[in-house]
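**Q** My questions will all concern the structure given below.
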Amino acid sequence: MKSITIISGKGGTGKTIVTASFAALASSKVMADCDVDAADLHLILKPEVEREEVFEGGKAAEIDEEKCISCGRCTEVCRYEAISDDFVVDPIKCEGCAYCYNVCPVDAISLENSRLGRWYISNTEYGPMVHARLGIAEENSGKLVAIVRQNASEIAKSKELEYIIVDGPPGIGCPVIASITGSDLLLIVTEPTVSGLHDLQRVMSLAKHFDIKTLVCVNKYDLNVAFTDQMQEYCEKSGVGFVGRIPFDIVVTKAVVNGEPVVEYSKDSEVSKSIRRIWQRVEAIARER
């Protein structure tokens with residue numbers, strides 16, 4: 001079983017497009033959408049949910065109206081202004097610091113588990129998929145990512161699947177670290193721009209820190225071929241495998257609108273051919289490890 005995680009230094013590089021295509025091309029796999037803050041792999045793979053679970057993390061205060069004597073001590077100490085004048089807690093503002101809980105003279109305040117989102121185990125046309133959705137303005141996405149990865153790993157083991165294909169979040173923060181932990185191989189999807197190179201360098205440094213084998217491909221490479229050449233040269237000098245270039249094509253947008261991986265929607269397009277070649281290289285390297 002090999003875990004292949006597709007990440008990017010920034011959003012909008014086409015990471016999910018590549019992941020969805022890999023899901024269609026790989027023969028024995030489970031998919032995991034670890035971009036829980038802005039999950040969108042389900043828009044292409046159209047999963048049918050088989051299991052749904054609530055994700056809880058952290059605490060939030062609750063005030064018992066019958067016990068409350070309206071003394072106002074809780075509102076005085078709450079630095080987040082999470083408690084209204086009529087002693088109702090705003091769950092979005094509440095940080096669960098427990099200050100109000102500790103100063104309440106009549107024990108009218110309790111700390112309850114916060115429901116931060118949901119996670120799912122589903123079936124798709126291309127195989128099983130684990131995905132999640134974090135609530136609006138909620139935190140602890142790294143913990144939710146870990147749950148998604150753990151369940152994907154358990155499915156892969158129980159069904160003796162060859163690959164776990166992970167759609168990771170963009171950037172270099174906690175959710176990304178949780179996504180790449182335990183990965184056998186990373187594929188960074190970038191674009192030929194100055195910001196694309198800057199973010200590529202940051203995420204390559206992160207991968208190097210965790211000593212994970214890393215590959216790079218450039219999406220929409222023909223928007224700036226000269227810059228793509230520079231990025232490939234940078235990767236080669238850094239000892240990072242450069243596995244391909246994907247051209248810009250409006251067919252990608254049409255595939256997304258139609259809710260299909262582009263390699264299925266337009267099999268003979270140059271985009272599809274490029275992604276197939278990249279998958280063949282990624283798969284070959286994964287099997288060597």
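FYI, nothing fancy with the structure tokens labels: chains A, B, ... in order, residues from 1 per chain, ligands from 1 as they appear.
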Taking only region 170-279 of chain A into account, list the residues labelled helix (DSSP H, G or I) by DSSP (computed from the backbone), as a ChimeraX atom specification.

**A** /A:174-180,194-209,221-223,225-237,251-258,262-265,270-279

**Q** Mind checking which residues fall within 7 Å of region 263-273 of chain A, counting only C-alpha atoms, ignoring those fewer than 3 positions away in the same chain, and posting them as a VMD selection string?

**A** chain A and resid 21 246 to 247 249 255 260 276 to 277

**Q** Mind checking DSSP for region 14-163 of chain A and telling me the strand (DSSP E) residues as a ChimeraX atom specification?

**A** /A:29-33,48-63,109-124,127-134,163

**Q** Could you tell me how far CA of Pro91 (chain A) lies from CA of Ser141 (chain A), in Å and to one decimal?

**A**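 Going from CA of Pro91 (chain A) over to CA of Ser141 (chain A) covers 17.1 Å.
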
**Q** Excluding Glu112 (chain A) and its own-chain neighbours fewer than 4 positions away, which residues fall within 10 Å of it when counting only C-alpha atoms? Please give them as a PyMOL selection string.

**A** chain A and resi 56-62+96

**Q** What does the distance between CA of Gln150 (chain A) and CA of Val130 (chain A) come to in Å, to one decimal place?

**A**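 Pair CA of Gln150 (chain A) / CA of Val130 (chain A) returns 9.5 Å.
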
**Q** So, with only C-alpha atoms as the atoms that count, which of A:Ala178, A:Val36, A:Leu197, A:Leu116 lies closest to Phe227 (chain A)?

**A** A:Leu197

**Q** To one decimal place, how far is CA of Asp35 (chain A) from CA of Leu144 (chain A) in Å?

**A**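 Between CA of Asp35 (chain A) and CA of Leu144 (chain A) the gap works out to 9.8 Å.
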
**Q** Write out as CSV a residue-level contact list of region 4-114 of chain A versus region 173-177 of chain A with cut-off 10 Å: for each qualifying residue the closest pair of atoms and the distance in Å to one decimal, counting only C-alpha atoms, rows sorted by chain and residue number upward.

**A**
residue,atom,partner,partner_atom,distance
A:Thr5,CA,A:Val176,CA,9.9
A:Ile7,CA,A:Val176,CA,7.9
A:Ser8,CA,A:Val176,CA,9.3
A:Gly9,CA,A:Val176,CA,9.7
A:Cys34,CA,A:Pro175,CA,7.8
A:Asp35,CA,A:Pro175,CA,7.6
A:Val36,CA,A:Pro175,CA,8.3
A:Asp37,CA,A:Pro175,CA,8.8

**Q** Could you pull the residues within 9 Å of Ser70 (chain A), counting only C-alpha atoms, minus those fewer than 3 positions along the same chain, as a short mmCIF file (atom, residue, chain, number, x, y, z; two decimals) with C-alpha atoms, in the first residue's frame?

**A**
data_model
loop_
_atom_site.label_atom_id
_atom_site.label_comp_id
_atom_site.auth_asym_id
_atom_site.auth_seq_id
_atom_site.Cartn_x
_atom_site.Cartn_y
_atom_site.Cartn_z
CA ARG A 73 -19.55 37.96 36.05
CA ASP A 86 -29.12 38.23 28.04
CA PHE A 87 -26.52 35.54 28.87
#

**Q** Between A:Ala32, A:Val216, A:Val256, A:Ile250, single out the one closest to Ser238 (chain A), counting only C-alpha atoms.

**A** A:Val216

**Q** Choose the residue, out of A:Glu125, A:Glu154, A:Glu53, A:Asp107, that has the smallest atom-to-atom separation from Ser27 (chain A); count only C-alpha atoms.

**A**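 Closest to Ser27 (chain A) of all the choices is A:Glu125.
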
**Q** Check which residues of region 108-147 of chain A sit at most 10 Å from region 162-172 of chain A using only C-alpha atoms, and return one row each with the closest pair of atoms and their distance in Å to one decimal, ordered by chain and rising number, as a Markdown table.

**A**
| residue | atom | partner | partner_atom | distance |
| --- | --- | --- | --- | --- |
| A:Met129 | CA | A:Ile165 | CA | 9.4 |
| A:Val130 | CA | A:Val166 | CA | 9.5 |
| A:His131 | CA | A:Asp167 | CA | 9.7 |
| A:Val145 | CA | A:Gly168 | CA | 9.0 |
